[in-house]
file start_31.cif (mmCIF, C-alpha atoms)
data_final
#
loop_
_atom_site.group_PDB
_atom_site.id
_atom_site.type_symbol
_atom_site.label_atom_id
_atom_site.label_comp_id
_atom_site.auth_asym_id
_atom_site.auth_seq_id
_atom_site.Cartn_x
_atom_site.Cartn_y
_atom_site.Cartn_z
ATOM 1 C CA MET A 1 -3.404 -21.875 -14.281
ATOM 2 C CA THR A 2 -0.837 -23.348 -11.981
ATOM 3 C CA GLN A 3 -2.503 -25.843 -9.756
ATOM 4 C CA HIS A 4 -1.682 -25.688 -6.091
ATOM 5 C CA THR A 5 -3.162 -28.327 -3.907
ATOM 6 C CA GLN A 6 -2.383 -26.499 -0.704
ATOM 7 C CA PRO A 7 -4.018 -23.100 -0.321
ATOM 8 C CA ASN A 8 -1.084 -21.657 1.578
ATOM 9 C CA THR A 9 1.245 -22.210 -1.365
ATOM 10 C CA ARG A 10 -0.711 -19.775 -3.511
ATOM 11 C CA PRO A 11 0.974 -16.490 -4.340
ATOM 12 C CA GLN A 12 -0.191 -13.683 -2.098
ATOM 13 C CA VAL A 13 -1.754 -10.534 -3.425
ATOM 14 C CA VAL A 14 -2.489 -7.306 -1.584
ATOM 15 C CA PRO A 15 -6.023 -6.313 -2.545
ATOM 16 C CA ARG A 16 -6.874 -2.754 -3.477
ATOM 17 C CA ALA A 17 -9.280 -0.914 -1.233
ATOM 18 C CA ASP A 18 -11.191 2.349 -0.892
ATOM 19 C CA PHE A 19 -11.365 3.954 2.547
ATOM 20 C CA PHE A 20 -14.234 5.969 3.958
ATOM 21 C CA ARG A 21 -14.697 7.868 7.176
ATOM 22 C CA SER A 22 -16.819 10.291 9.084
ATOM 23 C CA ALA A 23 -16.979 11.414 12.692
ATOM 24 C CA GLU A 24 -19.151 8.370 13.406
ATOM 25 C CA ALA A 25 -17.714 5.511 11.397
ATOM 26 C CA TYR A 26 -15.006 4.028 9.207
ATOM 27 C CA ALA A 27 -15.539 1.870 6.149
ATOM 28 C CA MET A 28 -13.524 0.021 3.547
ATOM 29 C CA HIS A 29 -14.371 -1.489 0.195
ATOM 30 C CA ILE A 30 -11.835 -4.187 -0.583
ATOM 31 C CA GLU A 31 -11.465 -5.893 -3.966
ATOM 32 C CA VAL A 32 -11.443 -9.662 -3.588
ATOM 33 C CA PRO A 33 -12.530 -11.051 -6.963
ATOM 34 C CA GLY A 34 -13.057 -14.783 -7.222
ATOM 35 C CA VAL A 35 -13.572 -15.137 -3.475
ATOM 36 C CA ARG A 36 -16.584 -16.764 -1.867
ATOM 37 C CA ALA A 37 -17.907 -15.509 1.441
ATOM 38 C CA ASP A 38 -16.877 -18.692 3.241
ATOM 39 C CA ALA A 39 -13.301 -18.297 1.961
ATOM 40 C CA ILE A 40 -12.774 -15.015 3.803
ATOM 41 C CA GLU A 41 -11.012 -14.884 7.129
ATOM 42 C CA LEU A 42 -11.015 -11.735 9.197
ATOM 43 C CA ASP A 43 -8.727 -11.809 12.173
ATOM 44 C CA PHE A 44 -8.975 -9.017 14.684
ATOM 45 C CA GLY A 45 -5.836 -8.290 16.611
ATOM 46 C CA GLU A 46 -5.354 -5.694 19.282
ATOM 47 C CA ARG A 47 -4.860 -2.864 16.841
ATOM 48 C CA SER A 48 -4.888 -4.683 13.551
ATOM 49 C CA LEU A 49 -7.219 -6.452 11.201
ATOM 50 C CA THR A 50 -5.898 -9.246 9.012
ATOM 51 C CA LEU A 51 -7.807 -10.203 5.909
ATOM 52 C CA GLU A 52 -7.096 -13.506 4.223
ATOM 53 C CA ALA A 53 -9.141 -14.761 1.317
ATOM 54 C CA GLU A 54 -8.649 -17.596 -1.105
ATOM 55 C CA ALA A 55 -9.385 -17.094 -4.791
ATOM 56 C CA PRO A 56 -8.958 -20.636 -6.106
ATOM 57 C CA GLU A 57 -9.845 -19.891 -9.723
ATOM 58 C CA LEU A 58 -7.241 -17.140 -9.863
ATOM 59 C CA GLY A 59 -4.795 -19.291 -7.961
ATOM 60 C CA VAL A 60 -3.983 -16.550 -5.464
ATOM 61 C CA GLN A 61 -4.551 -15.678 -1.858
ATOM 62 C CA PHE A 62 -5.511 -12.129 -0.981
ATOM 63 C CA ARG A 63 -3.860 -10.952 2.187
ATOM 64 C CA ARG A 64 -3.663 -7.553 3.807
ATOM 65 C CA VAL A 65 -3.084 -6.345 7.314
ATOM 66 C CA PHE A 66 -4.849 -3.146 8.228
ATOM 67 C CA ARG A 67 -4.014 -1.045 11.208
ATOM 68 C CA VAL A 68 -7.125 -0.298 13.178
ATOM 69 C CA PRO A 69 -7.680 3.187 14.598
ATOM 70 C CA ARG A 70 -7.909 3.372 18.368
ATOM 71 C CA ASP A 71 -11.508 4.518 18.331
ATOM 72 C CA ALA A 72 -12.850 1.861 15.977
ATOM 73 C CA SER A 73 -15.415 -0.382 17.670
ATOM 74 C CA MET A 74 -14.269 -3.616 16.113
ATOM 75 C CA ASP A 75 -16.829 -5.620 18.067
ATOM 76 C CA ALA A 76 -19.500 -3.947 15.951
ATOM 77 C CA VAL A 77 -17.970 -4.464 12.536
ATOM 78 C CA ASP A 78 -20.375 -5.028 9.685
ATOM 79 C CA ALA A 79 -19.043 -7.097 6.776
ATOM 80 C CA THR A 80 -20.744 -7.854 3.468
ATOM 81 C CA LEU A 81 -19.430 -9.422 0.291
ATOM 82 C CA ASN A 82 -20.950 -8.324 -2.979
ATOM 83 C CA HIS A 83 -19.710 -9.314 -6.431
ATOM 84 C CA GLY A 84 -16.109 -9.684 -5.318
ATOM 85 C CA LEU A 85 -16.131 -6.515 -3.269
ATOM 86 C CA LEU A 86 -15.863 -6.827 0.504
ATOM 87 C CA ARG A 87 -17.427 -3.994 2.455
ATOM 88 C CA LEU A 88 -16.454 -3.443 6.059
ATOM 89 C CA ARG A 89 -18.024 -0.774 8.175
ATOM 90 C CA VAL A 90 -17.236 -0.072 11.786
ATOM 91 C CA PRO A 91 -18.573 2.593 14.143
ATOM 92 C CA ARG A 92 -16.233 4.891 16.054
ATOM 93 C CA HIS A 93 -16.701 5.089 19.753
ATOM 94 C CA ALA A 94 -16.629 8.411 21.529
ATOM 95 C CA SER A 95 -13.113 9.698 21.946
ATOM 96 C CA ASP A 96 -12.191 11.026 25.383
ATOM 97 C CA SER A 97 -9.856 13.656 24.033
ATOM 98 C CA GLY A 98 -10.985 16.859 22.335
ATOM 99 C CA LYS A 99 -14.325 16.283 20.771
ATOM 100 C CA ARG A 100 -14.457 17.401 17.166
ATOM 101 C CA ILE A 101 -17.710 18.454 15.637
ATOM 102 C CA GLU A 102 -18.036 17.792 11.970
ATOM 103 C CA VAL A 103 -20.240 20.122 10.003
ATOM 104 C CA THR A 104 -22.070 18.541 7.137
ATOM 105 C CA ALA A 105 -23.763 20.486 4.410
ATOM 106 C CA GLY A 106 -27.542 20.206 4.606
ATOM 107 C CA MET B 1 -1.058 -20.674 -18.210
ATOM 108 C CA PHE B 2 -3.351 -17.865 -17.205
ATOM 109 C CA ASN B 3 -1.924 -15.265 -14.954
ATOM 110 C CA PRO B 4 -3.574 -11.873 -14.728
ATOM 111 C CA LEU B 5 -0.251 -10.218 -13.946
ATOM 112 C CA TRP B 6 -0.672 -10.112 -10.253
ATOM 113 C CA ILE B 7 2.192 -8.803 -8.246
ATOM 114 C CA HIS B 8 3.493 -11.750 -6.343
ATOM 115 C CA THR B 9 5.044 -10.789 -3.082
ATOM 116 C CA ASP B 10 5.387 -12.115 0.339
ATOM 117 C CA LEU B 11 3.595 -9.639 2.514
ATOM 118 C CA THR B 12 3.438 -11.559 5.695
ATOM 119 C CA ARG B 13 5.103 -8.796 7.607
ATOM 120 C CA THR B 14 3.405 -5.900 5.925
ATOM 121 C CA MET B 15 1.494 -3.506 8.125
ATOM 122 C CA GLU B 16 -0.066 -0.493 6.638
ATOM 123 C CA PRO B 17 -2.230 2.378 7.728
ATOM 124 C CA ILE B 18 -5.826 2.664 6.761
ATOM 125 C CA PHE B 19 -7.281 5.884 7.923
ATOM 126 C CA GLU B 20 -6.420 9.511 7.745
ATOM 127 C CA GLU B 21 -4.541 9.679 10.991
ATOM 128 C CA PHE B 22 -2.136 7.086 9.717
ATOM 129 C CA VAL B 23 -1.653 8.358 6.213
ATOM 130 C CA ARG B 24 1.776 7.554 4.905
ATOM 131 C CA GLN B 25 3.236 5.931 1.847
ATOM 132 C CA LEU B 26 2.135 2.413 1.206
ATOM 133 C CA SER B 27 4.902 0.108 2.213
ATOM 134 C CA ALA B 28 3.758 -2.690 -0.029
ATOM 135 C CA PRO B 29 2.875 -3.027 -3.662
ATOM 136 C CA VAL B 30 -0.790 -3.396 -4.314
ATOM 137 C CA ALA B 31 -2.134 -5.738 -6.922
ATOM 138 C CA SER B 32 -3.406 -4.224 -10.127
ATOM 139 C CA PRO B 33 -6.331 -6.381 -11.031
ATOM 140 C CA HIS B 34 -7.415 -4.125 -13.880
ATOM 141 C CA ARG B 35 -4.372 -2.393 -15.239
ATOM 142 C CA ARG B 36 -2.434 -4.195 -17.923
ATOM 143 C CA GLN B 37 -4.429 -7.274 -17.289
ATOM 144 C CA ILE B 38 -4.252 -9.139 -20.544
ATOM 145 C CA ALA B 39 -7.316 -11.151 -21.303
ATOM 146 C CA ALA B 40 -6.933 -13.817 -23.948
ATOM 147 C CA PHE B 41 -8.591 -17.067 -24.761
ATOM 148 C CA LYS B 42 -6.809 -20.134 -23.527
ATOM 149 C CA ALA B 43 -7.529 -23.629 -24.747
ATOM 150 C CA LYS B 44 -9.830 -25.852 -22.740
ATOM 151 C CA GLU B 45 -10.996 -29.387 -23.311
ATOM 152 C CA ASP B 46 -13.810 -28.519 -25.709
ATOM 153 C CA GLY B 47 -13.032 -24.948 -26.600
ATOM 154 C CA TRP B 48 -11.553 -21.800 -25.097
ATOM 155 C CA GLU B 49 -11.959 -19.651 -22.055
ATOM 156 C CA ALA B 50 -10.965 -16.110 -21.132
ATOM 157 C CA GLN B 51 -11.156 -14.827 -17.596
ATOM 158 C CA TRP B 52 -10.520 -11.613 -15.769
ATOM 159 C CA THR B 53 -11.474 -9.760 -12.643
ATOM 160 C CA ALA B 54 -14.245 -7.181 -12.421
ATOM 161 C CA PRO B 55 -14.933 -6.697 -8.702
ATOM 162 C CA GLY B 56 -18.084 -4.794 -7.878
ATOM 163 C CA VAL B 57 -19.517 -5.168 -11.380
ATOM 164 C CA ARG B 58 -23.007 -6.602 -11.816
ATOM 165 C CA ALA B 59 -24.028 -8.807 -14.739
ATOM 166 C CA GLU B 60 -26.489 -6.253 -16.090
ATOM 167 C CA GLU B 61 -23.705 -3.687 -16.315
ATOM 168 C CA LEU B 62 -21.712 -5.795 -18.750
ATOM 169 C CA ASP B 63 -22.015 -5.223 -22.459
ATOM 170 C CA ILE B 64 -20.597 -8.170 -24.377
ATOM 171 C CA ARG B 65 -20.895 -8.603 -28.135
ATOM 172 C CA ALA B 66 -19.194 -10.631 -30.826
ATOM 173 C CA GLU B 67 -18.561 -9.034 -34.173
ATOM 174 C CA GLY B 68 -16.434 -10.263 -37.060
ATOM 175 C CA GLY B 69 -14.353 -12.672 -35.027
ATOM 176 C CA VAL B 70 -13.774 -10.150 -32.268
ATOM 177 C CA LEU B 71 -15.367 -10.124 -28.855
ATOM 178 C CA HIS B 72 -16.081 -6.699 -27.369
ATOM 179 C CA VAL B 73 -16.557 -6.335 -23.631
ATOM 180 C CA ALA B 74 -17.484 -2.991 -22.102
ATOM 181 C CA TYR B 75 -18.467 -1.868 -18.630
ATOM 182 C CA THR B 76 -18.003 1.018 -16.282
ATOM 183 C CA THR B 77 -16.914 0.800 -12.675
ATOM 184 C CA ALA B 78 -17.173 3.458 -10.014
ATOM 185 C CA HIS B 79 -16.151 4.006 -6.424
ATOM 186 C CA GLY B 80 -18.791 2.820 -4.009
ATOM 187 C CA GLU B 81 -20.608 4.941 -1.484
ATOM 188 C CA GLU B 82 -21.114 4.727 2.246
ATOM 189 C CA GLU B 83 -24.027 6.579 3.712
ATOM 190 C CA GLY B 84 -22.849 9.553 5.725
ATOM 191 C CA LEU B 85 -19.173 8.806 5.107
ATOM 192 C CA ARG B 86 -16.610 10.578 2.966
ATOM 193 C CA LEU B 87 -14.388 8.670 0.558
ATOM 194 C CA GLN B 88 -10.982 9.308 2.050
ATOM 195 C CA ARG B 89 -8.529 7.294 0.034
ATOM 196 C CA LYS B 90 -8.995 5.658 -3.325
ATOM 197 C CA GLU B 91 -6.950 2.688 -4.402
ATOM 198 C CA ARG B 92 -9.515 1.000 -6.575
ATOM 199 C CA ARG B 93 -9.120 1.625 -10.272
ATOM 200 C CA VAL B 94 -12.420 2.620 -11.692
ATOM 201 C CA GLY B 95 -13.793 4.011 -14.903
ATOM 202 C CA GLU B 96 -14.667 2.788 -18.323
ATOM 203 C CA VAL B 97 -13.299 -0.591 -19.321
ATOM 204 C CA ARG B 98 -13.283 -1.636 -22.976
ATOM 205 C CA ARG B 99 -11.672 -4.845 -24.106
ATOM 206 C CA LYS B 100 -11.314 -6.492 -27.458
ATOM 207 C CA LEU B 101 -10.478 -10.157 -27.661
ATOM 208 C CA ALA B 102 -9.827 -12.005 -30.874
ATOM 209 C CA LEU B 103 -11.949 -15.127 -31.010
ATOM 210 C CA PRO B 104 -9.998 -18.295 -31.767
ATOM 211 C CA ARG B 105 -10.234 -19.085 -35.493
ATOM 212 C CA ASP B 106 -12.134 -22.330 -35.039
ATOM 213 C CA ALA B 107 -14.485 -20.993 -32.390
ATOM 214 C CA ASP B 108 -18.215 -21.115 -32.957
ATOM 215 C CA PRO B 109 -19.561 -17.626 -32.147
ATOM 216 C CA GLU B 110 -22.980 -19.143 -31.520
ATOM 217 C CA THR B 111 -21.623 -20.881 -28.433
ATOM 218 C CA ILE B 112 -20.172 -17.858 -26.628
ATOM 219 C CA SER B 113 -21.265 -17.723 -23.019
ATOM 220 C CA ALA B 114 -20.309 -15.379 -20.205
ATOM 221 C CA THR B 115 -20.451 -16.011 -16.473
ATOM 222 C CA LEU B 116 -19.906 -13.428 -13.775
ATOM 223 C CA ARG B 117 -19.329 -14.867 -10.332
ATOM 224 C CA ASP B 118 -17.872 -13.156 -7.288
ATOM 225 C CA GLY B 119 -16.407 -10.397 -9.454
ATOM 226 C CA LEU B 120 -14.746 -12.837 -11.806
ATOM 227 C CA LEU B 121 -15.803 -12.788 -15.446
ATOM 228 C CA THR B 122 -15.406 -15.959 -17.483
ATOM 229 C CA ILE B 123 -16.131 -16.081 -21.210
ATOM 230 C CA SER B 124 -16.297 -19.482 -22.860
ATOM 231 C CA VAL B 125 -16.625 -20.554 -26.458
ATOM 232 C CA THR B 126 -16.561 -24.002 -27.983
ATOM 233 C CA ALA B 127 -15.024 -25.150 -31.254
ATOM 234 C CA LEU B 128 -17.120 -25.409 -34.399
ATOM 235 C CA ALA B 129 -19.030 -28.687 -34.318
ATOM 236 C CA ALA B 130 -17.534 -29.699 -37.682
ATOM 237 C CA LEU B 131 -14.071 -29.599 -36.100
ATOM 238 C CA MET B 132 -14.946 -31.522 -32.988
ATOM 239 C CA PRO B 133 -13.718 -35.096 -32.829
ATOM 240 C CA LYS B 134 -16.557 -37.372 -33.794
ATOM 241 C CA LYS B 135 -16.935 -40.889 -32.568
ATOM 242 C CA ILE B 136 -18.110 -43.311 -35.211
ATOM 243 C CA GLU B 137 -20.364 -46.036 -34.029
ATOM 244 C CA VAL B 138 -19.671 -49.394 -35.611
ATOM 245 C CA LYS B 139 -22.735 -51.349 -36.487
ATOM 246 C CA THR B 140 -22.708 -55.079 -36.445
ATOM 247 C CA ALA B 141 -24.052 -56.794 -39.513
#
call {"tool": "encode", "arguments": {"input": "start_31.cif", "output": "structure tokens"}}
result
Amino acid sequence: MTQHTQPNTRPQVVPRADFFRSAEAYAMHIEVPGVRADAIELDFGERSLTLEAEAPELGVQFRRVFRVPRDASMDAVDATLNHGLLRLRVPRHASDSGKRIEVTAG
Amino acid sequence: MFNPLWIHTDLTRTMEPIFEEFVRQLSAPVASPHRRQIAAFKAKEDGWEAQWTAPGVRAEELDIRAEGGVLHVAYTTAHGEEEGLRLQRKERRVGEVRRKLALPRDADPETISATLRDGLLTISVTALAALMPKKIEVKTA
């Protein structure tokens, strides 16, 4: 493996993710293998979420900028890292325009 | 040099949509941690090591066995679930993974060990003891 002493010289990789949603919440499962919880940085912008994570053993940095929906309550984001998979879940706050009622099968 | 064929790109300026209301073509390439990832043993100080990514996989889901100089690794991955939510877009590559790795000729199969940490699988094997450099102690008369 190429050794980089400075983390920011590592090649950047866009991690794959799965995206979930319902009328109440959004969620993502992002693949960040080789990353420890303390090596993850989540930066919340006005309408964006930037993920940066160092995977030193792979010699890469995961980086992806997500656009955040207007109704996502980013102050209530729930993040957990499990076996190289980062799970983010965020509730949606009530939209002021046209309420949509989702019917779920019982 | 080990390189799991990541796509190296500068994505500093990349913005992309996440949810349904923003669905459009991805503007950036996405890394393929599983596809065409070639796992092979590379030489280490006292043996060999092979490493690849298996995000979301738990140790008990891995089936690793050595047979006739070949190492077989098998596991199955699946999309996760979120209570009450619908899986909207799938980028993760999931399914059955089966890999065969030829063990280095001088490797001692008895020493094979596997470590799974943070979705990164590392398989190590050391050289046969008979082939390891041996230090000879000199006795004084």
call {"tool": "interface_residues", "arguments": {"input": "start_31.cif", "of": "chain A", "to": "chain B", "cutoff": "6 Å", "atoms": "all atoms listed in the file", "output": "ChimeraX atom specification"}}
result
/A:1,11-22,31,33-34,65-67,83-85
call {"tool": "resolve_selection", "arguments": {"input": "start_31.cif", "expression": "the PyMOL selection byres ((chain A and resi 39-55) around 8)", "output": "list in words"}}
result
Pro7, Val32, Pro33, Gly34, Val35, Arg36, Ala37, Asp38, Pro56, Glu57, Leu58, Gly59, Val60, Gln61, Phe62, Arg63, Arg64, Val65, Phe66, Arg67, Val68, Pro69, Arg70 and Met74 of chain A
call {"tool": "residues_around", "arguments": {"input": "start_31.cif", "residues": "Arg89 of chain A", "least_positions_apart": "3", "cutoff": "6 Å", "atoms": "all atoms listed in the file", "output": "ChimeraX atom specification"}}
result
/A:26-27,77-78
call {"tool": "closest_residue", "arguments": {"input": "start_31.cif", "among": "B:Ala127, B:Ala141, B:Gly69, B:Thr115", "to": "Glu45 of chain B", "atoms": "all atoms listed in the file"}}
result
B:Ala127
call {"tool": "axis_aligned_box", "arguments": {"input": "start_31.cif", "around": "segment 78-91 of chain A", "padding_each_side": "4 Å", "output": "lines of an AutoDock Vina configuration file"}}
result
center_x = -18.4
center_y = -3.5
center_z = 3.9
size_x = 13.1
size_y = 20.3
size_z = 28.6
call {"tool": "atom_distance", "arguments": {"input": "start_31.cif", "atom1": "atom CA of Ser124 of chain B", "atom2": "atom CA of Glu110 of chain B"}}
result
10.9 Å
call {"tool": "atom_distance", "arguments": {"input": "start_31.cif", "atom1": "atom CA of Arg92 of chain A", "atom2": "atom CA of Ala25 of chain A"}}
result
4.9 Å
call {"tool": "atom_distance", "arguments": {"input": "start_31.cif", "atom1": "atom CA of Arg10 of chain A", "atom2": "atom CA of Ala114 of chain B"}}
result
26.1 Å
call {"tool": "resolve_selection", "arguments": {"input": "start_31.cif", "expression": "the PyMOL selection byres ((chain A and resi 73) around 8)", "output": "PDB file with C-alpha atoms, keeping the file's coordinate frame"}}
result
ATOM      1  CA  ASP A  71     -11.508   4.518  18.331  1.00  0.00           C
ATOM      2  CA  ALA A  72     -12.850   1.861  15.977  1.00  0.00           C
ATOM      3  CA  MET A  74     -14.269  -3.616  16.113  1.00  0.00           C
ATOM      4  CA  ASP A  75     -16.829  -5.620  18.067  1.00  0.00           C
ATOM      5  CA  ALA A  76     -19.500  -3.947  15.951  1.00  0.00           C
ATOM      6  CA  VAL A  77     -17.970  -4.464  12.536  1.00  0.00           C
ATOM      7  CA  VAL A  90     -17.236  -0.072  11.786  1.00  0.00           C
ATOM      8  CA  PRO A  91     -18.573   2.593  14.143  1.00  0.00           C
ATOM      9  CA  ARG A  92     -16.233   4.891  16.054  1.00  0.00           C
ATOM     10  CA  HIS A  93     -16.701   5.089  19.753  1.00  0.00           C
TER      11      HIS A  93
END
call {"tool": "closest_residue", "arguments": {"input": "start_31.cif", "among": "B:Arg105, B:Trp48, B:Glu96, B:Tyr75", "to": "Leu62 of chain B", "atoms": "all atoms listed in the file"}}
result
B:Tyr75
